[in-house]
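Step one of this worksheet: look at the structure below.
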Amino acid sequence: MKKHIIIAGCPATGKKSIAANLSAILKLPYIEYGSFLMSANAAEIIDNDILINEDRAREALNGLSDKHIIAGMYVLRLIDPKDVLSAIVIRCNPFVLLYRYLLRNYSLKKIRENLTAEFIDSCLAEAIELLGEENVMQIDATYETPESAAIRIGNALKRGSLLFDKVDWLSYITDPKQLKILG
């Protein structure tokens with residue numbers, strides 16, 4: 001029975017880098033969700049965004065025969081939960097993410113959507129809703145290298161325990177004007 005390890009989180013949190021390192025640690029194949037869906041004709045790029053054909057994406061993901069590490073923001077929406085061992089939600093301080101989004105030339109709309117999602121724990125809430133608390137980890141990777149985050153995750157998976165870093169981005173707000181970027 002395949003049991004994938006899913007690396008989820010908002011854009012620019014470090015999912016791909018952490019997943020690649022975790023793949024080496026656990027000796028499991030790594031799939032970058034966007035590239036995988038493009039090669040399976042289940043997605044296309046339109047205006048710098050990936051447009052996913054959800055039916056084809058489900059078919060491609062659920063057709064995987066072996067255990068994999070899969071990194072992607074929306075992969076949990078498209079994969080059968082019974083095929084998932086654990087989801088690790090990668091978190092990053094929204095003020096650091098803002099800088100990363102500006103470097104990536106994200107539109108103001110895209111910046112607002114992603115920062116709001118990070119502030120309100122959107123990816124974490126979705127993972128828990130789909131898989132249950134007992135199958136979800138949360139890692140604050142803001143000031144951690146992808147290698148050290150992968151080692152922590154790998155050790156927890158090998159022990160059969162859960163990591164759940166404390167994340168409270170609202171405590172970083174010292175002036176309500178800091179939230180202006182959210183609209």
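If you're wondering about the labels, chains in the structure tokens are A, B, ... by order shown, residues count from 1 in each chain, ligands from 1 in order shown.
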For the strand (DSSP E) assignment from backbone DSSP, which residues of chain A qualify? Please present them as an MDAnalysis selection string. chainID A and resid 4:9 30:32 43:46 49:52 69:71 84:91 136:140
Every residue of region 2-67 of chain A that DSSP places in helix (DSSP H, G or I), as a list in words: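 Filtering region 2-67 of chain A to helix (DSSP H, G or I) leaves Lys15, Lys16, Ser17, Ile18, Ala19, Ala20, Asn21, Leu22, Ser23, Ala24, Ile25, Leu26, Tyr33, Gly34, Ser35, Phe36, Leu37, Met38, Ser39, Glu54, Asp55, Arg56, Ala57, Arg58, Glu59, Ala60, Leu61 and Asn62 of chain A.
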How about saving the chosen residues, N, CA, C and O atoms kept, as an mmCIF file, in the first residue's frame?
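As a result, again-v5.cif now contains:
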```cif
data_model
loop_
_atom_site.group_PDB
_atom_site.id
_atom_site.type_symbol
_atom_site.label_atom_id
_atom_site.label_comp_id
_atom_site.auth_asym_id
_atom_site.auth_seq_id
_atom_site.Cartn_x
_atom_site.Cartn_y
_atom_site.Cartn_z
ATOM 1 N N LYS A 15 9.051 24.548 0.194
ATOM 2 C CA LYS A 15 8.542 23.182 0.002
ATOM 3 C C LYS A 15 9.459 22.326 -0.874
ATOM 4 O O LYS A 15 9.801 21.205 -0.501
ATOM 5 N N LYS A 16 9.812 22.835 -2.035
ATOM 6 C CA LYS A 16 10.605 22.042 -2.983
ATOM 7 C C LYS A 16 11.981 21.700 -2.412
ATOM 8 O O LYS A 16 12.436 20.554 -2.523
ATOM 9 N N SER A 17 12.645 22.668 -1.830
ATOM 10 C CA SER A 17 13.989 22.432 -1.281
ATOM 11 C C SER A 17 13.947 21.439 -0.131
ATOM 12 O O SER A 17 14.785 20.537 -0.042
ATOM 13 N N ILE A 18 12.980 21.593 0.743
ATOM 14 C CA ILE A 18 12.848 20.678 1.877
ATOM 15 C C ILE A 18 12.499 19.281 1.376
ATOM 16 O O ILE A 18 13.072 18.288 1.822
ATOM 17 N N ALA A 19 11.590 19.190 0.419
ATOM 18 C CA ALA A 19 11.187 17.887 -0.124
ATOM 19 C C ALA A 19 12.363 17.179 -0.787
ATOM 20 O O ALA A 19 12.540 15.971 -0.619
ATOM 21 N N ALA A 20 13.165 17.907 -1.544
ATOM 22 C CA ALA A 20 14.323 17.304 -2.209
ATOM 23 C C ALA A 20 15.305 16.757 -1.173
ATOM 24 O O ALA A 20 15.849 15.655 -1.330
ATOM 25 N N ASN A 21 15.536 17.496 -0.109
ATOM 26 C CA ASN A 21 16.433 17.032 0.960
ATOM 27 C C ASN A 21 15.837 15.851 1.705
ATOM 28 O O ASN A 21 16.545 14.892 2.032
ATOM 29 N N LEU A 22 14.544 15.887 1.971
ATOM 30 C CA LEU A 22 13.877 14.781 2.658
ATOM 31 C C LEU A 22 13.927 13.519 1.809
ATOM 32 O O LEU A 22 14.101 12.412 2.328
ATOM 33 N N SER A 23 13.805 13.679 0.509
ATOM 34 C CA SER A 23 13.895 12.554 -0.422
ATOM 35 C C SER A 23 15.237 11.840 -0.273
ATOM 36 O O SER A 23 15.297 10.606 -0.234
ATOM 37 N N ALA A 24 16.305 12.605 -0.179
ATOM 38 C CA ALA A 24 17.634 12.020 -0.024
ATOM 39 C C ALA A 24 17.776 11.320 1.329
ATOM 40 O O ALA A 24 18.357 10.235 1.411
ATOM 41 N N ILE A 25 17.216 11.908 2.363
ATOM 42 C CA ILE A 25 17.304 11.333 3.706
ATOM 43 C C ILE A 25 16.537 10.017 3.797
ATOM 44 O O ILE A 25 17.029 9.030 4.335
ATOM 45 N N LEU A 26 15.310 10.026 3.274
ATOM 46 C CA LEU A 26 14.441 8.841 3.398
ATOM 47 C C LEU A 26 14.618 7.858 2.239
ATOM 48 O O LEU A 26 14.000 6.793 2.242
ATOM 49 N N TYR A 33 5.153 18.635 -7.735
ATOM 50 C CA TYR A 33 3.778 18.565 -8.191
ATOM 51 C C TYR A 33 3.522 19.304 -9.505
ATOM 52 O O TYR A 33 2.954 18.742 -10.435
ATOM 53 N N GLY A 34 3.950 20.558 -9.598
ATOM 54 C CA GLY A 34 3.686 21.330 -10.811
ATOM 55 C C GLY A 34 4.317 20.710 -12.043
ATOM 56 O O GLY A 34 3.662 20.533 -13.078
ATOM 57 N N SER A 35 5.590 20.354 -11.940
ATOM 58 C CA SER A 35 6.295 19.730 -13.070
ATOM 59 C C SER A 35 5.677 18.382 -13.425
ATOM 60 O O SER A 35 5.526 18.045 -14.597
ATOM 61 N N PHE A 36 5.346 17.615 -12.397
ATOM 62 C CA PHE A 36 4.731 16.304 -12.612
ATOM 63 C C PHE A 36 3.405 16.445 -13.361
ATOM 64 O O PHE A 36 3.143 15.734 -14.330
ATOM 65 N N LEU A 37 2.577 17.383 -12.950
ATOM 66 C CA LEU A 37 1.282 17.573 -13.607
ATOM 67 C C LEU A 37 1.451 18.072 -15.037
ATOM 68 O O LEU A 37 0.693 17.677 -15.922
ATOM 69 N N MET A 38 2.463 18.915 -15.258
ATOM 70 C CA MET A 38 2.717 19.384 -16.625
ATOM 71 C C MET A 38 3.107 18.204 -17.512
ATOM 72 O O MET A 38 2.597 18.067 -18.626
ATOM 73 N N SER A 39 3.969 17.321 -17.023
ATOM 74 C CA SER A 39 4.414 16.183 -17.826
ATOM 75 C C SER A 39 3.302 15.160 -18.033
ATOM 76 O O SER A 39 3.331 14.399 -19.003
ATOM 77 N N GLU A 54 -8.205 19.297 -12.917
ATOM 78 C CA GLU A 54 -8.298 18.522 -11.679
ATOM 79 C C GLU A 54 -8.565 17.039 -11.915
ATOM 80 O O GLU A 54 -8.007 16.194 -11.213
ATOM 81 N N ASP A 55 -9.373 16.700 -12.894
ATOM 82 C CA ASP A 55 -9.650 15.282 -13.160
ATOM 83 C C ASP A 55 -8.381 14.560 -13.609
ATOM 84 O O ASP A 55 -8.062 13.478 -13.111
ATOM 85 N N ARG A 56 -7.652 15.170 -14.549
ATOM 86 C CA ARG A 56 -6.406 14.553 -15.014
ATOM 87 C C ARG A 56 -5.358 14.500 -13.904
ATOM 88 O O ARG A 56 -4.595 13.542 -13.796
ATOM 89 N N ALA A 57 -5.330 15.553 -13.080
ATOM 90 C CA ALA A 57 -4.364 15.598 -11.974
ATOM 91 C C ALA A 57 -4.656 14.491 -10.964
ATOM 92 O O ALA A 57 -3.735 13.797 -10.520
ATOM 93 N N ARG A 58 -5.906 14.312 -10.611
ATOM 94 C CA ARG A 58 -6.281 13.224 -9.686
ATOM 95 C C ARG A 58 -5.878 11.863 -10.262
ATOM 96 O O ARG A 58 -5.319 11.024 -9.567
ATOM 97 N N GLU A 59 -6.170 11.684 -11.526
ATOM 98 C CA GLU A 59 -5.836 10.420 -12.188
ATOM 99 C C GLU A 59 -4.325 10.174 -12.167
ATOM 100 O O GLU A 59 -3.866 9.070 -11.851
ATOM 101 N N ALA A 60 -3.546 11.194 -12.467
ATOM 102 C CA ALA A 60 -2.084 11.053 -12.492
ATOM 103 C C ALA A 60 -1.538 10.786 -11.093
ATOM 104 O O ALA A 60 -0.718 9.880 -10.900
ATOM 105 N N LEU A 61 -1.986 11.548 -10.113
ATOM 106 C CA LEU A 61 -1.490 11.373 -8.746
ATOM 107 C C LEU A 61 -1.927 10.036 -8.149
ATOM 108 O O LEU A 61 -1.141 9.351 -7.500
ATOM 109 N N ASN A 62 -3.160 9.678 -8.372
ATOM 110 C CA ASN A 62 -3.653 8.418 -7.810
ATOM 111 C C ASN A 62 -3.143 7.200 -8.582
ATOM 112 O O ASN A 62 -3.249 6.085 -8.103
#
```
Return the single residue from A:Glu32, A:Ile5, A:Ser86, A:Arg100 that is closest to Val136 (chain A), with distances computed using only C-alpha atoms.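 The closest residue to Val136 (chain A) is A:Ser86.
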To one decimal place, how far is CA of Ala8 (chain A) from CA of Ile79 (chain A) in Å?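 Computing the Euclidean distance for CA of Ala8 (chain A) and CA of Ile79 (chain A) yields 12.5 Å.
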What lies within 7 Å of Pro29 (chain A) using only C-alpha atoms, ignoring chain neighbours under 2 positions off, as an mmCIF file with N, CA and C atoms, in the first residue's frame?
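In the end it all went to selection31.cif:
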```cif
data_model
loop_
_atom_site.group_PDB
_atom_site.id
_atom_site.type_symbol
_atom_site.label_atom_id
_atom_site.label_comp_id
_atom_site.auth_asym_id
_atom_site.auth_seq_id
_atom_site.Cartn_x
_atom_site.Cartn_y
_atom_site.Cartn_z
ATOM 1 N N SER A 23 13.805 13.679 0.509
ATOM 2 C CA SER A 23 13.895 12.554 -0.422
ATOM 3 C C SER A 23 15.237 11.840 -0.273
ATOM 4 N N LYS A 27 15.392 8.265 1.241
ATOM 5 C CA LYS A 27 15.620 7.416 0.062
ATOM 6 C C LYS A 27 14.294 7.056 -0.625
ATOM 7 N N ILE A 31 8.642 14.021 -6.068
ATOM 8 C CA ILE A 31 7.871 14.567 -7.187
ATOM 9 C C ILE A 31 7.537 16.015 -6.883
ATOM 10 N N HIS A 68 6.008 8.050 -2.502
ATOM 11 C CA HIS A 68 6.752 9.215 -2.970
ATOM 12 C C HIS A 68 6.692 10.334 -1.942
ATOM 13 N N ILE A 69 7.598 11.259 -2.097
ATOM 14 C CA ILE A 69 7.498 12.554 -1.426
ATOM 15 C C ILE A 69 7.007 13.511 -2.496
#
```
Atom pair CA of Val84 (chain A) / CA of Ile120 (chain A): separation (Å):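 Separating CA of Val84 (chain A) from CA of Ile120 (chain A) is a distance of 24.0 Å.
Taking CA of Leu115 (chain A) and CA of Lys166 (chain A) as endpoints, the distance between them is 17.9 Å.
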Could you give me, as CSV, every region 81-120 of chain A residue with an atom at most 12 Å from region 144-159 of chain A, plus its closest atom pair and distance in Å to one decimal, counting only C-alpha atoms, rows ordered by chain then number?
```
residue,atom,partner,partner_atom,distance
A:Leu85,CA,A:Leu157,CA,9.4
A:Ser86,CA,A:Leu157,CA,8.5
A:Ala87,CA,A:Ile153,CA,10.5
A:Ile88,CA,A:Ile153,CA,8.0
A:Val89,CA,A:Ile153,CA,10.7
A:Ile90,CA,A:Ala149,CA,9.3
A:Arg91,CA,A:Glu144,CA,10.9
A:Cys92,CA,A:Glu144,CA,9.8
A:Asn93,CA,A:Glu144,CA,11.6
```
So that I can see what lies close to Asp165 (chain A), please list as a ChimeraX atom specification the residues with an atom at most 10 Å from it, counting only C-alpha atoms and leaving out residues fewer than 2 positions away in the same chain. /A:90-91,137-141,162-163,167-168
At a cut-off of 9 Å, using only C-alpha atoms, what residues contact Leu76 (chain A)? Leave out same-chain residues fewer than 2 positions from it and give the result as a list in words. Ile6, Ala8, Gly72, Met73, Tyr74, Leu78, Ile79, Asp80, Pro81, Val84, Ala87, Glu126, Ala127, Leu130 and Leu131 of chain A
Resulting file, chosen residues, all heavy atoms, as a CSV table (one decimal), in the first residue's frame:
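Written out: part.csv:
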```csv
chain,number,residue,atom,x,y,z
A,6,ILE,N,3.5,14.2,1.9
A,6,ILE,CA,3.1,15.4,1.2
A,6,ILE,C,3.8,16.6,1.9
A,6,ILE,O,3.6,16.8,3.1
A,6,ILE,CB,1.6,15.6,1.1
A,6,ILE,CG1,0.9,14.4,0.6
A,6,ILE,CG2,1.3,16.9,0.3
A,6,ILE,CD1,1.3,14.0,-0.8
A,8,ALA,N,3.4,20.5,2.0
A,8,ALA,CA,2.5,21.5,1.6
A,8,ALA,C,2.8,22.9,2.2
A,8,ALA,O,3.7,22.9,3.1
A,8,ALA,CB,1.1,21.1,2.0
A,72,GLY,N,3.8,20.3,-3.1
A,72,GLY,CA,2.9,21.2,-3.9
A,72,GLY,C,1.9,21.8,-3.0
A,72,GLY,O,1.5,21.2,-2.0
A,73,MET,N,1.5,23.0,-3.4
A,73,MET,CA,0.5,23.8,-2.6
A,73,MET,C,-0.9,23.1,-2.5
A,73,MET,O,-1.5,23.1,-1.5
A,73,MET,CB,0.4,25.2,-3.1
A,73,MET,CG,-0.4,26.1,-2.3
A,73,MET,SD,-0.3,27.8,-2.9
A,73,MET,CE,-1.6,28.6,-2.0
A,74,TYR,N,-1.3,22.6,-3.6
A,74,TYR,CA,-2.7,22.1,-3.7
A,74,TYR,C,-2.8,20.6,-3.8
A,74,TYR,O,-3.9,20.0,-4.0
A,74,TYR,CB,-3.4,22.7,-4.9
A,74,TYR,CG,-3.6,24.2,-4.8
A,74,TYR,CD1,-2.9,25.0,-5.7
A,74,TYR,CD2,-4.3,24.8,-3.8
A,74,TYR,CE1,-3.0,26.4,-5.6
A,74,TYR,CE2,-4.4,26.2,-3.7
A,74,TYR,CZ,-3.8,27.0,-4.6
A,74,TYR,OH,-3.9,28.3,-4.5
A,78,LEU,N,-6.1,16.9,-4.3
A,78,LEU,CA,-6.2,16.1,-5.5
A,78,LEU,C,-5.8,14.6,-5.3
A,78,LEU,O,-6.0,13.8,-6.2
A,78,LEU,CB,-5.4,16.7,-6.6
A,78,LEU,CG,-5.8,18.1,-7.1
A,78,LEU,CD1,-4.7,18.7,-8.0
A,78,LEU,CD2,-7.1,18.1,-7.7
A,79,ILE,N,-5.2,14.3,-4.2
A,79,ILE,CA,-4.8,13.0,-3.9
A,79,ILE,C,-5.7,12.3,-2.9
A,79,ILE,O,-6.2,12.9,-2.0
A,79,ILE,CB,-3.3,13.0,-3.4
A,79,ILE,CG1,-2.7,11.6,-3.6
A,79,ILE,CG2,-3.2,13.5,-2.0
A,79,ILE,CD1,-1.2,11.6,-3.6
A,80,ASP,N,-5.9,11.0,-3.1
A,80,ASP,CA,-6.7,10.2,-2.2
A,80,ASP,C,-6.1,10.2,-0.8
A,80,ASP,O,-5.0,9.8,-0.6
A,80,ASP,CB,-6.9,8.8,-2.7
A,80,ASP,CG,-7.9,8.0,-2.0
A,80,ASP,OD1,-8.2,8.3,-0.8
A,80,ASP,OD2,-8.5,7.1,-2.6
A,81,PRO,N,-6.8,10.7,0.2
A,81,PRO,CA,-6.2,10.8,1.6
A,81,PRO,C,-5.8,9.4,2.1
A,81,PRO,O,-4.8,9.4,2.9
A,81,PRO,CB,-7.4,11.3,2.5
A,81,PRO,CG,-8.3,12.0,1.5
A,81,PRO,CD,-8.1,11.3,0.2
A,84,VAL,N,-2.0,8.8,1.8
A,84,VAL,CA,-1.1,9.7,2.4
A,84,VAL,C,-0.7,9.3,3.8
A,84,VAL,O,-1.6,9.0,4.6
A,84,VAL,CB,-1.7,11.2,2.5
A,84,VAL,CG1,-0.8,12.1,3.2
A,84,VAL,CG2,-2.1,11.7,1.1
A,87,ALA,N,1.2,14.7,6.1
A,87,ALA,CA,1.4,16.0,5.4
A,87,ALA,C,2.2,16.9,6.3
A,87,ALA,O,1.9,17.0,7.5
A,87,ALA,CB,0.1,16.6,5.1
A,126,GLU,N,-6.5,23.2,6.0
A,126,GLU,CA,-7.0,22.3,4.9
A,126,GLU,C,-6.4,20.9,5.1
A,126,GLU,O,-7.1,19.9,5.0
A,126,GLU,CB,-6.6,22.9,3.6
A,126,GLU,CG,-7.0,22.0,2.4
A,126,GLU,CD,-6.7,22.6,1.1
A,126,GLU,OE1,-5.5,23.0,0.8
A,126,GLU,OE2,-7.7,22.7,0.3
A,127,ALA,N,-5.1,20.9,5.5
A,127,ALA,CA,-4.4,19.6,5.7
A,127,ALA,C,-5.1,18.8,6.9
A,127,ALA,O,-5.4,17.6,6.7
A,127,ALA,CB,-2.9,19.8,6.0
A,130,LEU,N,-8.5,17.5,5.8
A,130,LEU,CA,-8.5,16.4,4.9
A,130,LEU,C,-7.9,15.1,5.5
A,130,LEU,O,-8.3,14.0,5.1
A,130,LEU,CB,-7.7,16.8,3.6
A,130,LEU,CG,-8.3,17.8,2.7
A,130,LEU,CD1,-7.4,18.3,1.7
A,130,LEU,CD2,-9.6,17.3,2.1
A,131,LEU,N,-6.9,15.3,6.4
A,131,LEU,CA,-6.2,14.1,6.9
A,131,LEU,C,-6.3,13.8,8.4
A,131,LEU,O,-5.9,12.8,8.8
A,131,LEU,CB,-4.7,14.3,6.6
A,131,LEU,CG,-4.3,14.4,5.1
A,131,LEU,CD1,-2.8,14.7,5.0
A,131,LEU,CD2,-4.7,13.2,4.4
```
